[in-house]
file query_32.cif (mmCIF, C-alpha atoms)
data_my_file
loop_
_atom_site.group_PDB
_atom_site.id
_atom_site.type_symbol
_atom_site.label_atom_id
_atom_site.label_comp_id
_atom_site.auth_asym_id
_atom_site.auth_seq_id
_atom_site.Cartn_x
_atom_site.Cartn_y
_atom_site.Cartn_z
ATOM 1 C CA MET C 878 25.466 15.406 -22.058
ATOM 2 C CA GLN C 879 21.879 14.189 -21.923
ATOM 3 C CA ILE C 880 21.041 10.760 -20.559
ATOM 4 C CA SER C 881 18.437 8.900 -22.554
ATOM 5 C CA TYR C 882 16.038 6.629 -20.751
ATOM 6 C CA PRO C 883 14.386 3.536 -22.172
ATOM 7 C CA ASP C 884 10.883 4.112 -23.518
ATOM 8 C CA TRP C 885 9.324 1.908 -20.847
ATOM 9 C CA LEU C 886 10.836 3.908 -17.947
ATOM 10 C CA THR C 887 7.950 6.325 -17.491
ATOM 11 C CA PRO C 888 6.579 8.021 -14.372
ATOM 12 C CA GLN C 889 3.659 5.561 -14.529
ATOM 13 C CA PHE C 890 6.025 2.565 -14.588
ATOM 14 C CA ILE C 891 8.008 3.898 -11.629
ATOM 15 C CA TYR C 892 4.877 4.683 -9.591
ATOM 16 C CA ILE C 893 3.253 1.292 -10.280
ATOM 17 C CA THR C 894 6.491 -0.576 -9.497
ATOM 18 C CA LEU C 895 6.878 1.279 -6.205
ATOM 19 C CA SER C 896 3.208 0.557 -5.455
ATOM 20 C CA ALA C 897 3.961 -3.156 -5.839
ATOM 21 C CA VAL C 898 6.816 -2.729 -3.337
ATOM 22 C CA VAL C 899 4.394 -1.042 -0.932
ATOM 23 C CA ALA C 900 2.044 -4.027 -1.305
ATOM 24 C CA VAL C 901 4.886 -6.335 -0.263
ATOM 25 C CA LEU C 902 5.654 -4.069 2.722
ATOM 26 C CA ILE C 903 2.023 -4.254 3.857
ATOM 27 C CA TRP C 904 2.175 -8.057 3.707
ATOM 28 C CA ILE C 905 5.432 -8.135 5.719
ATOM 29 C CA GLU C 906 3.984 -5.774 8.331
ATOM 30 C CA GLY C 907 1.023 -8.122 8.729
ATOM 31 C CA GLU C 908 3.339 -11.074 9.255
ATOM 32 C CA MET C 909 5.316 -9.108 11.852
ATOM 33 C CA LEU C 910 2.088 -8.216 13.668
ATOM 34 C CA LYS C 911 0.975 -11.854 13.655
ATOM 35 C CA LYS C 912 4.254 -12.896 15.291
ATOM 36 C CA THR C 913 3.732 -10.358 18.084
ATOM 37 C CA ASP C 914 0.024 -11.194 18.511
ATOM 38 C CA GLY C 915 -0.999 -7.763 17.243
ATOM 39 C CA LYS C 916 1.390 -5.706 19.366
ATOM 40 C CA LEU C 917 3.422 -3.133 17.498
ATOM 41 C CA PRO C 918 6.843 -4.685 16.820
ATOM 42 C CA ASN C 919 9.829 -2.852 18.250
ATOM 43 C CA SER C 920 11.546 -2.743 14.880
ATOM 44 C CA LYS C 921 13.002 0.096 12.807
ATOM 45 C CA PHE C 922 11.930 -1.755 9.671
ATOM 46 C CA PHE C 923 8.324 -1.858 10.891
ATOM 47 C CA GLN C 924 8.379 1.849 11.784
ATOM 48 C CA ILE C 925 9.859 2.915 8.442
ATOM 49 C CA SER C 926 7.522 0.583 6.547
ATOM 50 C CA SER C 927 4.505 2.052 8.360
ATOM 51 C CA ILE C 928 5.613 5.580 7.501
ATOM 52 C CA ILE C 929 6.022 4.573 3.843
ATOM 53 C CA ASP C 930 2.554 2.946 3.791
ATOM 54 C CA THR C 931 0.921 6.018 5.266
ATOM 55 C CA SER C 932 2.843 8.386 2.999
ATOM 56 C CA TRP C 933 1.891 6.298 -0.026
ATOM 57 C CA PHE C 934 -1.711 7.423 0.372
ATOM 58 C CA PHE C 935 -0.706 11.054 -0.129
ATOM 59 C CA ILE C 936 1.751 10.167 -2.896
ATOM 60 C CA SER C 937 -1.018 8.217 -4.659
ATOM 61 C CA VAL C 938 -3.393 11.169 -4.518
ATOM 62 C CA VAL C 939 -0.713 13.433 -5.995
ATOM 63 C CA MET C 940 0.158 10.881 -8.704
ATOM 64 C CA LEU C 941 -3.490 10.570 -9.648
ATOM 65 C CA TYR C 942 -3.489 14.221 -10.674
ATOM 66 C CA THR C 943 0.097 14.876 -11.778
ATOM 67 C CA ILE C 944 1.202 12.006 -13.989
ATOM 68 C CA ASP C 945 -0.408 10.765 -17.160
ATOM 69 C CA LEU C 946 -1.898 7.370 -16.241
ATOM 70 C CA THR C 947 -3.490 4.921 -18.641
ATOM 71 C CA PRO C 948 -7.130 4.136 -17.842
ATOM 72 C CA ILE C 949 -6.253 0.791 -16.198
ATOM 73 C CA ALA C 950 -3.402 2.395 -14.231
ATOM 74 C CA VAL C 951 -5.816 4.858 -12.601
ATOM 75 C CA ALA C 952 -7.119 1.862 -10.641
ATOM 76 C CA VAL C 953 -3.844 1.680 -8.661
ATOM 77 C CA PRO C 954 -3.963 5.062 -6.872
ATOM 78 C CA ALA C 955 -7.754 4.811 -6.613
ATOM 79 C CA ALA C 956 -7.529 1.385 -4.957
ATOM 80 C CA TYR C 957 -4.842 2.532 -2.541
ATOM 81 C CA GLY C 958 -6.865 5.601 -1.628
ATOM 82 C CA LEU C 959 -9.962 3.517 -0.938
ATOM 83 C CA TYR C 960 -7.959 0.967 1.072
ATOM 84 C CA THR C 961 -6.421 3.664 3.252
ATOM 85 C CA THR C 962 -9.660 5.556 3.789
ATOM 86 C CA PHE C 963 -11.659 2.445 4.668
ATOM 87 C CA GLY C 964 -8.729 1.186 6.743
ATOM 88 C CA TRP C 965 -8.826 4.334 8.859
ATOM 89 C CA ILE C 966 -12.583 3.989 9.307
ATOM 90 C CA TYR C 967 -12.377 0.250 10.041
ATOM 91 C CA GLY C 968 -9.468 0.700 12.442
ATOM 92 C CA ALA C 969 -11.245 3.510 14.272
ATOM 93 C CA ARG C 970 -14.377 1.383 14.684
ATOM 94 C CA LEU C 971 -12.354 -1.543 16.010
ATOM 95 C CA LEU C 972 -10.508 0.731 18.450
ATOM 96 C CA LYS C 973 -13.756 2.336 19.551
ATOM 97 C CA ARG C 974 -15.067 -1.062 20.625
ATOM 98 C CA LYS C 975 -12.018 -1.868 22.730
ATOM 99 C CA GLY C 976 -11.107 1.663 23.737
ATOM 100 C CA ILE C 977 -8.027 3.660 22.898
ATOM 101 C CA PRO C 978 -5.007 2.533 24.936
ATOM 102 C CA ASP C 979 -3.004 4.941 27.082
ATOM 103 C CA ALA C 980 0.317 4.182 25.353
ATOM 104 C CA PRO C 981 1.259 2.919 21.875
ATOM 105 C CA LYS C 982 2.918 -0.137 23.420
ATOM 106 C CA ASP C 983 -0.501 -1.161 24.778
ATOM 107 C CA LEU C 984 -2.116 -1.014 21.350
ATOM 108 C CA ILE C 985 -3.075 -4.390 19.930
ATOM 109 C CA ILE C 986 -3.955 -4.539 16.248
ATOM 110 C CA PRO C 987 -6.981 -6.829 15.851
ATOM 111 C CA THR C 988 -6.563 -9.981 13.783
ATOM 112 C CA LYS C 989 -9.413 -8.849 11.529
ATOM 113 C CA TYR C 990 -7.551 -5.666 10.652
ATOM 114 C CA ILE C 991 -4.358 -7.602 9.897
ATOM 115 C CA ALA C 992 -6.371 -9.913 7.618
ATOM 116 C CA TYR C 993 -7.929 -6.867 5.919
ATOM 117 C CA SER C 994 -4.502 -5.370 5.226
ATOM 118 C CA GLN C 995 -2.950 -8.576 3.988
ATOM 119 C CA SER C 996 -5.923 -9.370 1.757
ATOM 120 C CA PHE C 997 -5.622 -5.942 0.215
ATOM 121 C CA SER C 998 -1.868 -6.328 -0.257
ATOM 122 C CA LEU C 999 -2.327 -9.511 -2.298
ATOM 123 C CA ILE C 1000 -4.987 -7.990 -4.541
ATOM 124 C CA PHE C 1001 -3.080 -4.701 -4.847
ATOM 125 C CA PHE C 1002 0.125 -6.519 -5.809
ATOM 126 C CA ALA C 1003 -1.759 -8.482 -8.481
ATOM 127 C CA LEU C 1004 -3.293 -5.236 -9.780
ATOM 128 C CA CYS C 1005 0.154 -3.660 -10.026
ATOM 129 C CA LEU C 1006 1.462 -6.677 -11.955
ATOM 130 C CA LEU C 1007 -1.523 -6.512 -14.297
ATOM 131 C CA VAL C 1008 -0.933 -2.817 -14.985
ATOM 132 C CA LEU C 1009 2.809 -3.355 -15.492
ATOM 133 C CA SER C 1010 2.195 -6.201 -17.924
ATOM 134 C CA SER C 1011 -0.726 -4.561 -19.745
ATOM 135 C CA PRO C 1012 1.358 -3.192 -22.666
ATOM 136 C CA TRP C 1013 2.315 -6.771 -23.563
ATOM 137 C CA LEU C 1014 -1.116 -8.351 -23.142
ATOM 138 C CA PRO C 1015 -2.977 -9.295 -26.337
ATOM 139 C CA MET C 1016 -6.073 -7.335 -25.294
ATOM 140 C CA PRO C 1017 -6.292 -3.573 -24.826
ATOM 141 C CA LEU C 1018 -6.765 -2.470 -21.223
#
call {"tool": "encode", "arguments": {"input": "query_32.cif", "output": "structure tokens"}}
result
Amino acid sequence: MQISYPDWLTPQFIYITLSAVVAVLIWIEGEMLKKTDGKLPNSKFFQISSIIDTSWFFISVVMLYTIDLTPIAVAVPAAYGLYTTFGWIYGARLLKRKGIPDAPKDLIIPTKYIAYSQSFSLIFFALCLLVLSSPWLPMPL
């Protein structure tokens, strides 16, 4: 017996939807960091969310080359790749100024980096919504 899937349930739809979830996770992580004044929260949710965010970079690179994306949808993995790459560079520069702590519990994420991540998450979420809604928009994207 073969299960038929709706026409809209494509690899692109699944990837873009999960990307929107990742955007929400980035926002939540930022809020958690604000509550702890930049110290890494002692939370399983935060740890798992951070692993997902980091892994999403590699997943996005793979998706860019393995699934058939519409031209507007290519912006999603490209944007995430740029965010992650520049985030690593930006984070390294901020850490270089203050020095690398001896233990992870001593690490304090700068407010500027939290703002960078949350700003990206809002824009990335909006991009995902645009791509998901693009088949129903009156203009071709």
call {"tool": "resolve_selection", "arguments": {"input": "query_32.cif", "expression": "the PyMOL selection byres ((chain C and resi 974-986) around 9)", "output": "list in words"}}
result
Leu910, Asp914, Gly915, Lys916, Leu917, Pro918, Gly968, Ala969, Arg970, Leu971, Leu972, Lys973, Pro987, Thr988, Lys989, Tyr990 and Ile991 of chain C
call {"tool": "residues_around", "arguments": {"input": "query_32.cif", "residues": "Tyr892 in chain C", "least_positions_apart": "4", "cutoff": "10 Å", "atoms": "all atoms listed in the file", "output": "mmCIF file with C-alpha atoms, keeping the file's coordinate frame"}}
result
data_model
loop_
_atom_site.group_PDB
_atom_site.id
_atom_site.type_symbol
_atom_site.label_atom_id
_atom_site.label_comp_id
_atom_site.auth_asym_id
_atom_site.auth_seq_id
_atom_site.Cartn_x
_atom_site.Cartn_y
_atom_site.Cartn_z
ATOM 1 C CA THR C 887 7.950 6.325 -17.491
ATOM 2 C CA PRO C 888 6.579 8.021 -14.372
ATOM 3 C CA SER C 896 3.208 0.557 -5.455
ATOM 4 C CA ALA C 897 3.961 -3.156 -5.839
ATOM 5 C CA VAL C 898 6.816 -2.729 -3.337
ATOM 6 C CA ILE C 936 1.751 10.167 -2.896
ATOM 7 C CA SER C 937 -1.018 8.217 -4.659
ATOM 8 C CA MET C 940 0.158 10.881 -8.704
ATOM 9 C CA ILE C 944 1.202 12.006 -13.989
ATOM 10 C CA LEU C 946 -1.898 7.370 -16.241
ATOM 11 C CA ALA C 950 -3.402 2.395 -14.231
ATOM 12 C CA VAL C 953 -3.844 1.680 -8.661
ATOM 13 C CA PRO C 954 -3.963 5.062 -6.872
ATOM 14 C CA CYS C 1005 0.154 -3.660 -10.026
#
call {"tool": "residues_around", "arguments": {"input": "query_32.cif", "residues": "Leu1004 in chain C", "least_positions_apart": "3", "cutoff": "9 Å", "atoms": "only C-alpha atoms", "output": "list in words"}}
result
Ala897, Ala950, Ala952, Val953, Leu999, Ile1000, Phe1001, Leu1007, Val1008 and Leu1009 of chain C
call {"tool": "closest_residue", "arguments": {"input": "query_32.cif", "among": "C:Thr931, C:Trp885, C:Ser926, C:Tyr957", "to": "Ser998 in chain C", "atoms": "only C-alpha atoms"}}
result
C:Tyr957
call {"tool": "atom_distance", "arguments": {"input": "query_32.cif", "atom1": "CA of Gln995 in chain C", "atom2": "CA of Thr961 in chain C"}}
result
12.7 Å
call {"tool": "closest_residue", "arguments": {"input": "query_32.cif", "among": "C:Leu886, C:Ile949, C:Met909, C:Ala900", "to": "Ser1011 in chain C", "atoms": "all atoms listed in the file"}}
result
C:Ile949
call {"tool": "atom_distance", "arguments": {"input": "query_32.cif", "atom1": "CA of Phe923 in chain C", "atom2": "CA of Tyr967 in chain C"}}
result
20.8 Å
call {"tool": "closest_residue", "arguments": {"input": "query_32.cif", "among": "C:Ile929, C:Val951, C:Leu959, C:Gly964", "to": "Ile893 in chain C", "atoms": "all atoms listed in the file"}}
result
C:Val951
call {"tool": "atom_distance", "arguments": {"input": "query_32.cif", "atom1": "CA of Ile928 in chain C", "atom2": "CA of Thr894 in chain C"}}
result
18.1 Å
call {"tool": "closest_residue", "arguments": {"input": "query_32.cif", "among": "C:Gln924, C:Thr962, C:Gln889, C:Asn919", "to": "Leu941 in chain C", "atoms": "only C-alpha atoms"}}
result
C:Gln889
call {"tool": "build_atoms", "arguments": {"input": "query_32.cif", "residues": "range 948-971 of chain C", "atoms": "N, CA and C atoms", "output": "PDB file, in the coordinates of the input"}}
result
ATOM      1  N   PRO C 948      -5.869   4.395 -18.560  1.00  0.00           N
ATOM      2  CA  PRO C 948      -7.130   4.136 -17.842  1.00  0.00           C
ATOM      3  C   PRO C 948      -7.042   2.997 -16.824  1.00  0.00           C
ATOM      4  N   ILE C 949      -6.361   1.901 -17.157  1.00  0.00           N
ATOM      5  CA  ILE C 949      -6.253   0.791 -16.198  1.00  0.00           C
ATOM      6  C   ILE C 949      -5.337   1.166 -15.033  1.00  0.00           C
ATOM      7  N   ALA C 950      -4.346   1.999 -15.276  1.00  0.00           N
ATOM      8  CA  ALA C 950      -3.402   2.395 -14.231  1.00  0.00           C
ATOM      9  C   ALA C 950      -4.047   3.304 -13.187  1.00  0.00           C
ATOM     10  N   VAL C 951      -5.105   3.993 -13.556  1.00  0.00           N
ATOM     11  CA  VAL C 951      -5.816   4.858 -12.601  1.00  0.00           C
ATOM     12  C   VAL C 951      -6.358   4.026 -11.440  1.00  0.00           C
ATOM     13  N   ALA C 952      -6.603   2.748 -11.694  1.00  0.00           N
ATOM     14  CA  ALA C 952      -7.119   1.862 -10.641  1.00  0.00           C
ATOM     15  C   ALA C 952      -6.141   1.719  -9.483  1.00  0.00           C
ATOM     16  N   VAL C 953      -4.839   1.873  -9.723  1.00  0.00           N
ATOM     17  CA  VAL C 953      -3.844   1.680  -8.661  1.00  0.00           C
ATOM     18  C   VAL C 953      -3.944   2.771  -7.590  1.00  0.00           C
ATOM     19  N   PRO C 954      -3.822   4.060  -7.933  1.00  0.00           N
ATOM     20  CA  PRO C 954      -3.963   5.062  -6.872  1.00  0.00           C
ATOM     21  C   PRO C 954      -5.377   5.106  -6.287  1.00  0.00           C
ATOM     22  N   ALA C 955      -6.375   4.828  -7.124  1.00  0.00           N
ATOM     23  CA  ALA C 955      -7.754   4.811  -6.613  1.00  0.00           C
ATOM     24  C   ALA C 955      -7.932   3.701  -5.588  1.00  0.00           C
ATOM     25  N   ALA C 956      -7.412   2.518  -5.893  1.00  0.00           N
ATOM     26  CA  ALA C 956      -7.529   1.385  -4.957  1.00  0.00           C
ATOM     27  C   ALA C 956      -6.789   1.665  -3.662  1.00  0.00           C
ATOM     28  N   TYR C 957      -5.600   2.252  -3.762  1.00  0.00           N
ATOM     29  CA  TYR C 957      -4.842   2.532  -2.541  1.00  0.00           C
ATOM     30  C   TYR C 957      -5.552   3.585  -1.693  1.00  0.00           C
ATOM     31  N   GLY C 958      -6.119   4.574  -2.357  1.00  0.00           N
ATOM     32  CA  GLY C 958      -6.865   5.601  -1.628  1.00  0.00           C
ATOM     33  C   GLY C 958      -8.065   5.026  -0.903  1.00  0.00           C
ATOM     34  N   LEU C 959      -8.798   4.158  -1.574  1.00  0.00           N
ATOM     35  CA  LEU C 959      -9.962   3.517  -0.938  1.00  0.00           C
ATOM     36  C   LEU C 959      -9.530   2.617   0.221  1.00  0.00           C
ATOM     37  N   TYR C 960      -8.467   1.844   0.008  1.00  0.00           N
ATOM     38  CA  TYR C 960      -7.959   0.967   1.072  1.00  0.00           C
ATOM     39  C   TYR C 960      -7.589   1.775   2.314  1.00  0.00           C
ATOM     40  N   THR C 961      -6.867   2.848   2.117  1.00  0.00           N
ATOM     41  CA  THR C 961      -6.421   3.664   3.252  1.00  0.00           C
ATOM     42  C   THR C 961      -7.606   4.313   3.956  1.00  0.00           C
ATOM     43  N   THR C 962      -8.500   4.893   3.192  1.00  0.00           N
ATOM     44  CA  THR C 962      -9.660   5.556   3.789  1.00  0.00           C
ATOM     45  C   THR C 962     -10.516   4.567   4.581  1.00  0.00           C
ATOM     46  N   PHE C 963     -10.856   3.448   3.960  1.00  0.00           N
ATOM     47  CA  PHE C 963     -11.659   2.445   4.668  1.00  0.00           C
ATOM     48  C   PHE C 963     -10.881   1.803   5.811  1.00  0.00           C
ATOM     49  N   GLY C 964      -9.566   1.713   5.663  1.00  0.00           N
ATOM     50  CA  GLY C 964      -8.729   1.186   6.743  1.00  0.00           C
ATOM     51  C   GLY C 964      -8.768   2.084   7.968  1.00  0.00           C
ATOM     52  N   TRP C 965      -8.731   3.396   7.736  1.00  0.00           N
ATOM     53  CA  TRP C 965      -8.826   4.334   8.859  1.00  0.00           C
ATOM     54  C   TRP C 965     -10.187   4.219   9.541  1.00  0.00           C
ATOM     55  N   ILE C 966     -11.231   4.119   8.746  1.00  0.00           N
ATOM     56  CA  ILE C 966     -12.583   3.989   9.307  1.00  0.00           C
ATOM     57  C   ILE C 966     -12.721   2.665  10.060  1.00  0.00           C
ATOM     58  N   TYR C 967     -12.289   1.584   9.434  1.00  0.00           N
ATOM     59  CA  TYR C 967     -12.377   0.250  10.041  1.00  0.00           C
ATOM     60  C   TYR C 967     -11.546   0.181  11.326  1.00  0.00           C
ATOM     61  N   GLY C 968     -10.337   0.690  11.262  1.00  0.00           N
ATOM     62  CA  GLY C 968      -9.468   0.700  12.442  1.00  0.00           C
ATOM     63  C   GLY C 968     -10.061   1.525  13.579  1.00  0.00           C
ATOM     64  N   ALA C 969     -10.635   2.659  13.242  1.00  0.00           N
ATOM     65  CA  ALA C 969     -11.245   3.510  14.272  1.00  0.00           C
ATOM     66  C   ALA C 969     -12.439   2.808  14.926  1.00  0.00           C
ATOM     67  N   ARG C 970     -13.224   2.110  14.124  1.00  0.00           N
ATOM     68  CA  ARG C 970     -14.377   1.383  14.684  1.00  0.00           C
ATOM     69  C   ARG C 970     -13.918   0.246  15.596  1.00  0.00           C
ATOM     70  N   LEU C 971     -12.870  -0.461  15.177  1.00  0.00           N
ATOM     71  CA  LEU C 971     -12.354  -1.543  16.010  1.00  0.00           C
ATOM     72  C   LEU C 971     -11.776  -1.010  17.317  1.00  0.00           C
TER      73      LEU C 971
END
